[in-house]
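K.L.:
Okay, here's the structure, questions in a sec.
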Amino acid sequence: TETYQNQEPISFCYYITSTMGPYKEPFVYRGPNAEKMFMERMKLEAADIHRIYKHPLPMDPLTEEEQRAFDTATHCYLCQEKFSKNNYKVRNHDHQTKKLRGAACNTCNLKARTPNFIPVIFHNLSGYDSHLFIKELGGDDGDITVIPENTEKYISFSKQVGKHLSLRFLDSFRFMASSLDQLARNLTEDQFKLIQRYFSSDHLALLLRKGVYPYDYINHADKFNETVLPPQEAFYNRLNATNITAEDYEHAL
């Protein structure tokens, strides 16, 4: 076995989705100690979200259509059980958007709670990506909970970041067992709602297929300051002894 390369994370980007609609702009970082910065950002975001959770908002007045739907509902929209005298119908609403979710039975409504964790989704987290930052989980106080697959792979893991809140890291590959490239091909352009918010239609097509990266060529942060794409031979991957195709290079151009 030959060790010839030490891969260090240098950048990351994340986006927070919300039932409230647009929440924050995507956050992008490039610089030293990216893994440490990533965990610091996750803890800051968790604190912001927890403050929202701690201040539930009252429900807005129902529209005529919402009132009609509620009045005519005969079964709980959560458990599908029929309403009864003991398990009566109540309004279940989103405590952030203030909108009616549906007619729920009293039992389900009482069980509905604000989650005590924030999911952080990676694709292929169990494989490679988790190893880039997992050591940062132990950098401060806060329990760490791991669901392992084996000694090298983790199904999920959580980091306590507050008295009543944790970050739960999940692998979307376990729910959608295909590459991101294939998953993107399964959708039509109009289904990429979030990407369309930040990129024009001219650029969208460039983003909807797997790109290429010159892993061996990028050996210093200064390489990111170059304004011209390196030659095709710079994309040779020594680890698996492969180069990119002319089509891949043309796409990168």
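Convention: chains lettered A, B, ... in structure tokens order; per-chain residue numbering from 1; ligands numbered from 1 as shown.
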Please identify the helix (DSSP H, G or I) residues within range 20-252 of chain A (assignment by DSSP from backbone atoms) and present them as a VMD selection string.

P.N.:
chain A and resid 34 to 53 64 to 72 106 to 111 129 to 132 134 to 139 172 to 174 180 to 185 189 to 191 193 to 198 201 to 207 221 to 225 232 to 235 246 to 252

K.L.:
Residues of range 49-78 of chain A that approach range 151-167 of chain A to 12 Å or less, counting only C-alpha atoms: could you list each one with the shortest pair of atoms and its distance in Å to one decimal, rows by chain and increasing residue number, as a tab-separated table?

P.N.:
```
residue	atom	partner	partner_atom	distance
A:Ile49	CA	A:Leu165	CA	9.9
A:His50	CA	A:Leu165	CA	7.5
A:Arg51	CA	A:Leu165	CA	10.9
A:Tyr53	CA	A:Leu165	CA	10.4
A:Lys54	CA	A:His164	CA	10.7
```

K.L.:
Would you save the residues from that selection as a CSV table (one decimal), in the first residue's frame, using N, CA and C atoms?

P.N.:
```
chain,number,residue,atom,x,y,z
A,49,ILE,N,-32.2,28.3,14.8
A,49,ILE,CA,-33.4,27.6,14.5
A,49,ILE,C,-34.1,27.3,15.9
A,50,HIS,N,-33.3,27.0,16.9
A,50,HIS,CA,-33.9,26.7,18.2
A,50,HIS,C,-34.6,27.9,18.8
A,51,ARG,N,-34.1,29.1,18.5
A,51,ARG,CA,-34.8,30.3,19.0
A,51,ARG,C,-36.2,30.4,18.3
A,53,TYR,N,-38.0,27.8,17.2
A,53,TYR,CA,-38.8,26.7,17.8
A,53,TYR,C,-39.4,27.1,19.1
A,54,LYS,N,-38.6,27.9,19.9
A,54,LYS,CA,-39.0,28.3,21.3
A,54,LYS,C,-40.1,29.3,21.3
```

K.L.:
Excluding range 71-73 of chain A and its own-chain neighbours fewer than 6 positions away, which residues fall within 12 Å of it when counting only C-alpha atoms? Please give them as a short mmCIF file (atom, residue, chain, number, x, y, z; two decimals) with N, CA and C atoms, in the first residue's frame.

P.N.:
```cif
data_model
loop_
_atom_site.label_atom_id
_atom_site.label_comp_id
_atom_site.auth_asym_id
_atom_site.auth_seq_id
_atom_site.Cartn_x
_atom_site.Cartn_y
_atom_site.Cartn_z
N LEU A 62 -58.84 30.89 9.75
CA LEU A 62 -59.01 30.00 8.61
C LEU A 62 -59.70 30.72 7.47
N GLU A 64 -62.21 30.50 4.13
CA GLU A 64 -63.47 29.77 3.96
C GLU A 64 -63.22 28.34 3.50
N GLU A 65 -62.27 28.19 2.61
CA GLU A 65 -61.96 26.84 2.09
C GLU A 65 -61.38 25.96 3.18
N GLN A 80 -55.32 8.64 10.19
CA GLN A 80 -56.41 8.14 9.35
C GLN A 80 -57.54 7.50 10.15
N GLU A 81 -57.52 7.61 11.48
CA GLU A 81 -58.60 7.06 12.29
C GLU A 81 -59.81 8.01 12.28
N LYS A 82 -60.99 7.42 12.43
CA LYS A 82 -62.21 8.22 12.43
C LYS A 82 -62.34 8.96 13.76
N PHE A 83 -62.80 10.20 13.68
CA PHE A 83 -63.01 10.98 14.90
C PHE A 83 -64.11 10.34 15.75
N TYR A 88 -61.62 13.40 19.72
CA TYR A 88 -62.35 14.38 18.91
C TYR A 88 -61.43 15.15 17.96
N LYS A 89 -62.05 15.91 17.08
CA LYS A 89 -61.36 16.64 16.03
C LYS A 89 -60.83 17.98 16.56
N VAL A 90 -59.57 18.28 16.20
CA VAL A 90 -58.97 19.57 16.57
C VAL A 90 -58.19 20.11 15.37
N ARG A 91 -57.90 21.40 15.43
CA ARG A 91 -57.09 22.04 14.38
C ARG A 91 -55.61 21.85 14.71
N GLY A 102 -54.11 20.54 9.08
CA GLY A 102 -55.22 19.65 8.79
C GLY A 102 -56.04 19.38 10.04
N ALA A 103 -57.10 18.63 9.85
CA ALA A 103 -57.95 18.20 10.97
C ALA A 103 -57.33 16.95 11.58
N ALA A 104 -56.94 17.05 12.84
CA ALA A 104 -56.28 15.94 13.52
C ALA A 104 -57.12 15.48 14.69
N CYS A 105 -56.92 14.23 15.08
CA CYS A 105 -57.58 13.77 16.31
C CYS A 105 -56.81 14.33 17.50
#
```

K.L.:
Can you list, as a list of chain:residue names, every protein, DNA or RNA residue that comes within 6 Å of range 33-48 of chain A when you count only C-alpha atoms, leaving out same-chain residues fewer than 4 positions away?

P.N.:
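Surrounding residues, per the criterion: A:Pro9, A:Ile10, A:Ser11, A:Phe133.
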